[in-house]
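> So that you have it, the file is data16.txt, and it contains compact mmCIF, C-alpha atoms and all ligand atoms:
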```
# COMPACT_ATOMS: atom_id res chain seq x y z
CA MET A 1 0.00 0.00 0.00
CA THR A 2 1.44 3.42 -0.88
CA GLN A 3 1.73 5.91 1.98
CA PRO A 4 -0.13 9.21 1.54
CA ALA A 5 2.21 12.20 1.20
CA ILE A 6 2.18 14.03 4.51
CA GLU A 7 3.41 17.59 4.99
CA LEU A 8 3.65 19.41 8.30
CA LEU A 9 3.58 23.19 7.85
CA GLN A 10 5.29 24.43 10.98
CA PHE A 11 7.48 26.77 12.99
CA PRO A 12 10.58 25.10 14.42
CA PHE A 13 10.79 25.37 18.24
CA SER A 14 7.07 26.10 18.63
CA HIS A 15 5.53 23.93 21.33
CA TYR A 16 2.15 23.32 19.60
CA ASN A 17 4.10 22.25 16.52
CA GLU A 18 6.20 20.04 18.78
CA LYS A 19 3.02 18.20 19.83
CA VAL A 20 2.45 17.17 16.22
CA ARG A 21 6.12 16.37 15.49
CA TRP A 22 6.10 14.17 18.57
CA ALA A 23 2.91 12.34 17.50
CA LEU A 24 4.28 11.79 13.97
CA ASP A 25 7.63 10.52 15.26
CA PHE A 26 6.03 8.36 17.98
CA LYS A 27 3.89 6.63 15.36
CA GLY A 28 6.81 6.39 12.92
CA ILE A 29 4.90 8.26 10.20
CA PRO A 30 7.12 9.45 7.34
CA HIS A 31 6.47 13.12 6.62
CA GLN A 32 8.00 16.29 5.30
CA ARG A 33 8.32 19.42 7.44
CA ILE A 34 7.92 22.79 5.78
CA ASN A 35 9.22 25.68 7.88
CA TYR A 36 7.51 29.06 7.95
CA LEU A 37 8.73 32.32 9.47
CA PRO A 38 6.37 33.79 12.09
CA GLY A 39 4.91 36.96 10.55
CA PRO A 40 5.56 36.30 6.87
CA HIS A 41 3.66 32.99 7.29
CA VAL A 42 0.27 34.71 7.55
CA PRO A 43 -0.83 35.10 3.90
CA GLN A 44 -0.05 31.51 2.92
CA ILE A 45 -1.44 29.84 6.04
CA ARG A 46 -4.55 32.03 5.95
CA ARG A 47 -5.19 31.25 2.29
CA LEU A 48 -4.87 27.55 3.03
CA THR A 49 -6.82 27.31 6.30
CA GLY A 50 -8.80 30.52 6.90
CA GLN A 51 -6.83 31.18 10.12
CA ASN A 52 -3.22 32.11 10.93
CA ALA A 53 -1.83 29.49 13.30
CA VAL A 54 0.43 26.52 12.66
CA PRO A 55 0.72 23.52 12.95
CA VAL A 56 -1.13 22.62 9.76
CA LEU A 57 -1.06 19.13 8.31
CA ARG A 58 -1.61 18.29 4.67
CA ILE A 59 -2.54 14.66 4.22
CA ASP A 60 -4.10 13.03 1.16
CA GLY A 61 -5.18 16.44 -0.13
CA LYS A 62 -6.89 17.25 3.20
CA VAL A 63 -5.73 20.33 5.17
CA ILE A 64 -6.06 20.24 8.95
CA ALA A 65 -5.20 23.05 11.39
CA GLY A 66 -4.83 22.73 15.17
CA SER A 67 -2.61 20.29 17.04
CA GLY A 68 -5.51 18.43 18.71
CA ARG A 69 -7.41 17.94 15.44
CA ILE A 70 -4.23 16.84 13.68
CA ILE A 71 -3.38 14.28 16.36
CA ASP A 72 -6.96 13.01 16.18
CA GLU A 73 -6.62 12.46 12.42
CA LEU A 74 -3.28 10.68 12.90
CA GLU A 75 -4.78 8.48 15.62
CA GLN A 76 -7.63 7.41 13.29
CA ARG A 77 -5.32 6.68 10.36
CA TYR A 78 -2.38 5.26 12.31
CA PRO A 79 -3.81 3.73 15.50
CA GLU A 80 -0.56 1.95 16.48
CA PRO A 81 1.17 2.75 18.73
CA PRO A 82 -1.83 4.46 20.36
CA LEU A 83 -1.90 7.90 21.94
CA TYR A 84 -5.50 7.49 23.06
CA PRO A 85 -6.33 5.06 25.88
CA ARG A 86 -8.50 2.09 24.88
CA ASP A 87 -10.82 2.56 27.87
CA ARG A 88 -13.53 5.05 27.01
CA GLY A 89 -13.50 6.89 30.35
CA ASP A 90 -9.71 7.19 30.26
CA ARG A 91 -9.87 8.40 26.67
CA GLU A 92 -12.31 11.15 27.62
CA GLN A 93 -10.05 12.19 30.50
CA ALA A 94 -6.94 12.25 28.31
CA LEU A 95 -8.68 14.34 25.65
CA SER A 96 -10.09 16.73 28.19
CA LEU A 97 -6.64 17.21 29.74
CA GLN A 98 -5.22 17.86 26.28
CA ALA A 99 -7.90 20.52 25.66
CA ARG A 100 -7.23 22.12 29.06
CA PHE A 101 -3.44 22.29 28.50
CA ASP A 102 -3.93 23.59 24.95
CA ASP A 103 -6.16 26.36 26.29
CA ASP A 104 -4.22 27.49 29.35
CA LEU A 105 -0.74 25.95 29.73
CA GLY A 106 0.41 26.51 26.11
CA PRO A 107 -0.31 30.26 26.01
CA ALA A 108 1.10 30.69 29.56
CA THR A 109 4.51 29.06 28.96
CA ARG A 110 4.83 30.87 25.62
CA ARG A 111 4.11 34.21 27.29
CA LEU A 112 6.80 33.56 29.92
CA ILE A 113 9.54 32.62 27.46
CA PHE A 114 8.70 35.56 25.19
CA ASP A 115 8.72 37.91 28.16
CA ALA A 116 12.14 36.57 29.16
CA ALA A 117 13.75 36.33 25.71
CA LEU A 118 12.35 39.27 23.76
CA GLY A 119 14.76 41.66 25.42
CA GLU A 120 17.14 40.12 22.84
CA PRO A 121 14.98 40.06 19.71
CA ALA A 122 17.84 38.71 17.57
CA TYR A 123 17.96 35.53 19.70
CA VAL A 124 14.26 34.89 19.06
CA ALA A 125 14.61 35.68 15.35
CA ASP A 126 17.57 33.29 14.98
CA MET A 127 15.64 30.55 16.76
CA PHE A 128 12.57 30.91 14.57
CA SER A 129 14.54 31.16 11.33
CA THR A 130 16.40 27.89 11.94
CA GLY A 131 16.43 25.82 8.76
CA HIS A 132 15.96 28.80 6.40
CA PRO A 133 18.62 29.99 3.92
CA GLN A 134 21.20 32.39 5.37
CA TRP A 135 20.00 35.43 3.37
CA LYS A 136 16.50 35.00 4.82
CA ARG A 137 17.88 34.59 8.35
CA THR A 138 19.91 37.78 8.03
CA LEU A 139 16.91 39.72 6.74
CA TYR A 140 14.62 38.30 9.45
CA ARG A 141 17.18 39.26 12.11
CA ALA A 142 17.32 42.81 10.76
CA PHE A 143 13.57 43.12 11.28
CA SER A 144 13.64 41.46 14.72
CA PRO A 145 13.01 44.65 16.79
CA LEU A 146 9.76 45.14 14.84
CA THR A 147 8.86 41.44 15.02
CA ALA A 148 9.41 41.58 18.79
CA VAL A 149 6.79 44.32 19.13
CA LEU A 150 4.30 42.27 17.10
CA ILE A 151 5.05 39.09 19.08
CA ARG A 152 4.50 40.96 22.35
CA SER A 153 1.13 42.33 21.31
CA GLY A 154 0.03 39.10 19.56
CA ASN A 155 0.81 36.97 22.61
CA GLY A 156 -0.31 39.27 25.42
CA VAL A 157 3.20 39.81 26.75
CA ASP A 158 2.50 42.56 29.30
CA PRO A 159 3.08 42.64 33.07
CA ALA A 160 -0.49 41.76 34.10
CA GLN A 161 -0.78 38.84 31.67
CA VAL A 162 2.70 37.61 32.59
CA ARG A 163 1.69 37.49 36.26
CA LYS A 164 -1.42 35.49 35.30
CA ALA A 165 0.74 33.14 33.23
CA GLU A 166 3.06 32.59 36.20
CA SER A 167 0.12 31.58 38.32
CA THR A 168 -1.26 29.23 35.61
CA VAL A 169 2.15 27.60 35.26
CA ALA A 170 2.58 27.23 39.03
CA SER A 171 -0.83 25.60 39.52
CA THR A 172 -0.43 23.34 36.47
CA LEU A 173 3.00 22.17 37.62
CA ASP A 174 1.57 21.24 41.02
CA PHE A 175 -1.35 19.45 39.35
CA LEU A 176 1.00 17.48 37.05
CA ALA A 177 3.28 16.46 39.90
CA GLU A 178 0.37 15.24 41.99
CA ARG A 179 -1.45 13.52 39.14
CA SER A 180 1.63 11.65 37.82
CA ALA A 181 3.02 10.69 41.24
CA ALA A 182 1.46 7.21 41.43
CA SER A 183 2.21 5.70 38.00
CA GLY A 184 4.41 8.27 36.24
CA TYR A 185 1.52 9.05 33.84
CA LEU A 186 -1.52 11.32 33.90
CA VAL A 187 -4.23 8.87 32.80
CA GLY A 188 -4.64 5.10 33.08
CA GLY A 189 -1.03 4.31 34.02
CA GLU A 190 0.24 4.58 30.42
CA PHE A 191 1.66 7.17 28.04
CA THR A 192 -1.15 9.09 26.31
CA VAL A 193 -1.86 12.28 24.44
CA ALA A 194 -2.29 13.99 27.84
CA ASP A 195 1.36 13.34 28.83
CA LEU A 196 2.59 14.28 25.35
CA THR A 197 0.65 17.55 25.45
CA ALA A 198 1.74 18.55 28.95
CA ALA A 199 5.42 17.76 28.32
CA ALA A 200 5.48 19.48 24.91
CA LEU A 201 3.67 22.59 26.15
CA LEU A 202 6.02 22.90 29.14
CA GLY A 203 8.91 23.02 26.62
CA PRO A 204 9.40 26.80 26.75
CA ILE A 205 10.21 26.72 30.48
CA PHE A 206 12.63 23.82 30.71
CA ASP A 207 15.75 22.58 29.01
CA VAL A 208 14.38 20.08 26.48
CA SER A 209 17.10 17.74 25.28
CA HIS A 210 15.43 16.67 22.02
CA PRO A 211 17.11 18.42 19.05
CA ASP A 212 13.76 19.71 17.73
CA MET A 213 13.29 21.77 20.90
CA LYS A 214 16.80 22.26 22.29
CA LYS A 215 17.21 25.97 22.94
CA PRO A 216 20.21 27.52 21.20
CA ARG A 217 22.99 28.69 23.54
CA PRO A 218 23.91 31.18 24.82
CA MET A 219 20.41 32.14 25.95
CA PRO A 220 19.37 35.62 27.08
CA ARG A 221 20.08 36.01 30.81
CA ARG A 222 16.38 36.35 31.72
CA ALA A 223 15.59 33.15 29.83
CA GLU A 224 18.30 31.35 31.86
CA GLU A 225 16.67 32.72 35.01
CA LEU A 226 13.25 31.56 33.86
CA LEU A 227 14.47 27.97 33.37
CA ALA A 228 16.34 28.09 36.68
CA ARG A 229 13.14 29.10 38.46
CA TYR A 230 11.36 25.89 37.45
CA VAL A 231 14.17 23.35 37.19
CA GLY A 232 13.68 21.94 40.70
CA HIS A 233 9.93 21.34 40.36
CA PRO A 234 8.97 17.62 40.34
CA ALA A 235 6.70 18.20 37.32
CA VAL A 236 9.68 19.47 35.32
CA SER A 237 11.63 16.32 36.24
CA TRP A 238 8.53 14.37 35.18
CA ALA A 239 8.46 16.15 31.78
CA VAL A 240 12.18 15.45 31.27
CA GLU A 241 11.48 11.78 31.95
CA ILE A 242 8.46 11.68 29.61
CA TYR A 243 10.67 13.15 26.87
CA ARG A 244 13.42 10.62 27.61
CA LYS A 245 11.10 7.61 27.52
CA HIS A 246 8.69 8.53 24.75
CA ARG A 247 10.06 11.20 22.39
CA THR A 248 11.53 9.13 19.61
N1 LIG B 1 -4.63 25.80 19.54
C1 LIG B 1 -3.67 25.80 18.46
C2 LIG B 1 -2.61 26.82 18.80
C3 LIG B 1 -1.54 26.96 17.73
C4 LIG B 1 -0.69 28.18 17.94
O1 LIG B 1 -0.88 28.97 18.87
N2 LIG B 1 0.30 28.35 17.04
C5 LIG B 1 1.18 29.49 17.11
C6 LIG B 1 2.62 29.01 17.17
S1 LIG B 1 2.96 28.29 18.76
C7 LIG B 1 1.06 30.31 15.84
O2 LIG B 1 0.99 29.78 14.76
N3 LIG B 1 1.08 31.64 16.00
C8 LIG B 1 1.12 32.53 14.89
C9 LIG B 1 -0.19 33.14 14.56
O3 LIG B 1 -1.23 32.77 15.19
O4 LIG B 1 -0.21 33.99 13.63
C10 LIG B 1 -3.10 24.39 18.29
O5 LIG B 1 -3.33 23.55 19.18
O6 LIG B 1 -2.49 24.09 17.26
```
The structure given in the file should be rewritten as structure tokens.

Amino acid sequence: MTQPAIELLQFPFSHYNEKVRWALDFKGIPHQRINYLPGPHVPQIRRLTGQNAVPVLRIDGKVIAGSGRIIDELEQRYPEPPLYPRDRGDREQALSLQARFDDDLGPATRRLIFDAALGEPAYVADMFSTGHPQWKRTLYRAFSPLTAVLIRSGNGVDPAQVRKAESTVASTLDFLAERSAASGYLVGGEFTVADLTAAALLGPIFDVSHPDMKKPRPMPRRAEELLARYVGHPAVSWAVEIYRKHRT
């Protein structure tokens, strides 16, 4: 049977995109990644999907936006190895945790890393332009002070929202530590989409070892401080372990 051509339209380093990369790699699905630059990506992604965000998956001529919807499609087409628990109640719990983390944890960790790193816009520009030709990287870097302003306003990076994000991250970390304490997993004693989502969306605030998410060094000083603030939390050790065991 011939495999359908699969393309992931993505930003490197983005944690929602990481959810989909992780699902594709975990299931061993061959695919091509097409990198976009945040900002200049808008016209093409909007034309294709009617909205601006990536990840977007193109599979068999079908275009799907949104990490949860994409993972759902992959799970239907490639059920093994599973990311959804077999038990119906567990499956509902795993999917509801995914939706919760997508809604609150993802925006919160992103806000914190942007707040910490955007003092050095060139660092952020270099990170996001990974994989692009050098001329494009140089041009993108030159525009990075402007991009930084747009990223701040587009992601609610202001003092009040940052404080809210800190509180969301603190309560989610405590929840994850408590919930995973017994079996090492969030639902049903096995690795599911809930663990994948939590670990991927925590990516901005810890030192992920996987090459797709490893933060370039040296990092801005405030970004170092951000990671240092969370490194001792048991939920961060849990996320490191989930990456080690399950991020192929
Ligand atoms: N809920 C969406 C969120 C995706 C998202 O926020 N993507 C960001 C990158 S991390 C993005 O594309 N931002 C650029 C934009 O919206 O223009 C998902 O689960 O895929």
> Smallest atom-to-atom distance to ligand LIG 1 (chain B): which of A:Thr138, A:Asn17, A:Thr147, A:Gln3, using all atoms listed in the file?
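Nearest to ligand LIG 1 (chain B): A:Asn17.
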> Could the residues that lie within 7 Å of ligand LIG 1 (chain B), counting only C-alpha atoms and all ligand atoms, be listed as a ChimeraX atom specification?
/A:11,14-17,38-39,42,52-55,65-68,102-103
> Which polymer residues have any atom within 9 Å of an atom of Thr49 of chain A, counting all atoms listed in the file, with same-chain residues fewer than 4 positions away left out, as an NGL selection string?
:A and (44-45 or 53 or 56 or 63-65)
> Using 4 Å of padding on each side, determine the axis-aligned box around all atoms of segment 114-128 of chain A present in the file and give its centre and edge lengths in Å to one decimal, as AutoDock Vina command-line options.

```
--center_x 13.3 --center_y 36.1 --center_z 21.9 --size_x 17.3 --size_y 19.1 --size_z 22.6
```
> From the list A:Gln134, A:Leu150, A:Glu7, A:Ala122, which residue is nearest Pro40 of chain A when using all atoms listed in the file?
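Of the candidates, the smallest distance to Pro40 of chain A is held by A:Leu150.
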> For atom CA of Asp115 of chain A and atom CA of Ala165 of chain A, quote the distance in Å rounded to one decimal.
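Going from atom CA of Asp115 of chain A over to atom CA of Ala165 of chain A covers 10.6 Å.
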> If we count all atoms listed in the file, what is near Thr197 of chain A at a cut-off of 10 Å, once residues fewer than 3 positions away on the same chain are taken out, given as JSON, numbers by chain?
{"A": [15, 16, 18, 19, 20, 22, 23, 67, 68, 94, 95, 97, 98, 99, 100, 101, 102, 105, 106, 192, 193, 194, 200, 201, 202, 203]}
> Could you give me, as a Markdown table, a per-residue list for segment 96-134 of chain A showing, wherever an atom lies at most 8 Å from an atom of segment 168-179 of chain A, the closest pair of atoms and their distance in Å to one decimal, using only C-alpha atoms and sorting by chain then residue number from low to high?

```
| residue | atom | partner | partner_atom | distance |
| --- | --- | --- | --- | --- |
| A:Asp104 | CA | A:Thr168 | CA | 7.1 |
| A:Leu105 | CA | A:Val169 | CA | 6.5 |
| A:Ala108 | CA | A:Val169 | CA | 6.6 |
| A:Thr109 | CA | A:Val169 | CA | 6.9 |
```
> Counting all atoms listed in the file, which of A:Pro30, A:Arg91, A:His210, A:Val236 gets nearest to Asp72 of chain A?
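When distances to Asp72 of chain A are compared using all atoms listed in the file, the smallest one comes from A:Arg91.
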> Compare A:Met127, A:Leu37, A:Ile242, A:Ile59 by their minimum atom-to-atom distance to Phe191 of chain A, counting all atoms listed in the file, and give me the closest one.
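Using all atoms listed in the file, the shortest distance to Phe191 of chain A belongs to A:Ile242.
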> Between atom CA of Gly184 of chain A and atom CA of Leu74 of chain A, measure the distance and give it in Å to one decimal.
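Interatomic distance here is 24.7 Å.
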> Could you tell me which of A:Tyr36, A:Asp195, A:Gly232, A:Pro211 comes closest to Pro85 of chain A if we count only C-alpha atoms?
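Distance minimum relative to Pro85 of chain A lands on A:Asp195.
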> What's around segment 152-163 of chain A at 8 Å? Count only C-alpha atoms, leave out sequence neighbours fewer than 6 positions away in its own chain, and write the answer as a ChimeraX atom specification.
/A:107-108,110-112,114-115
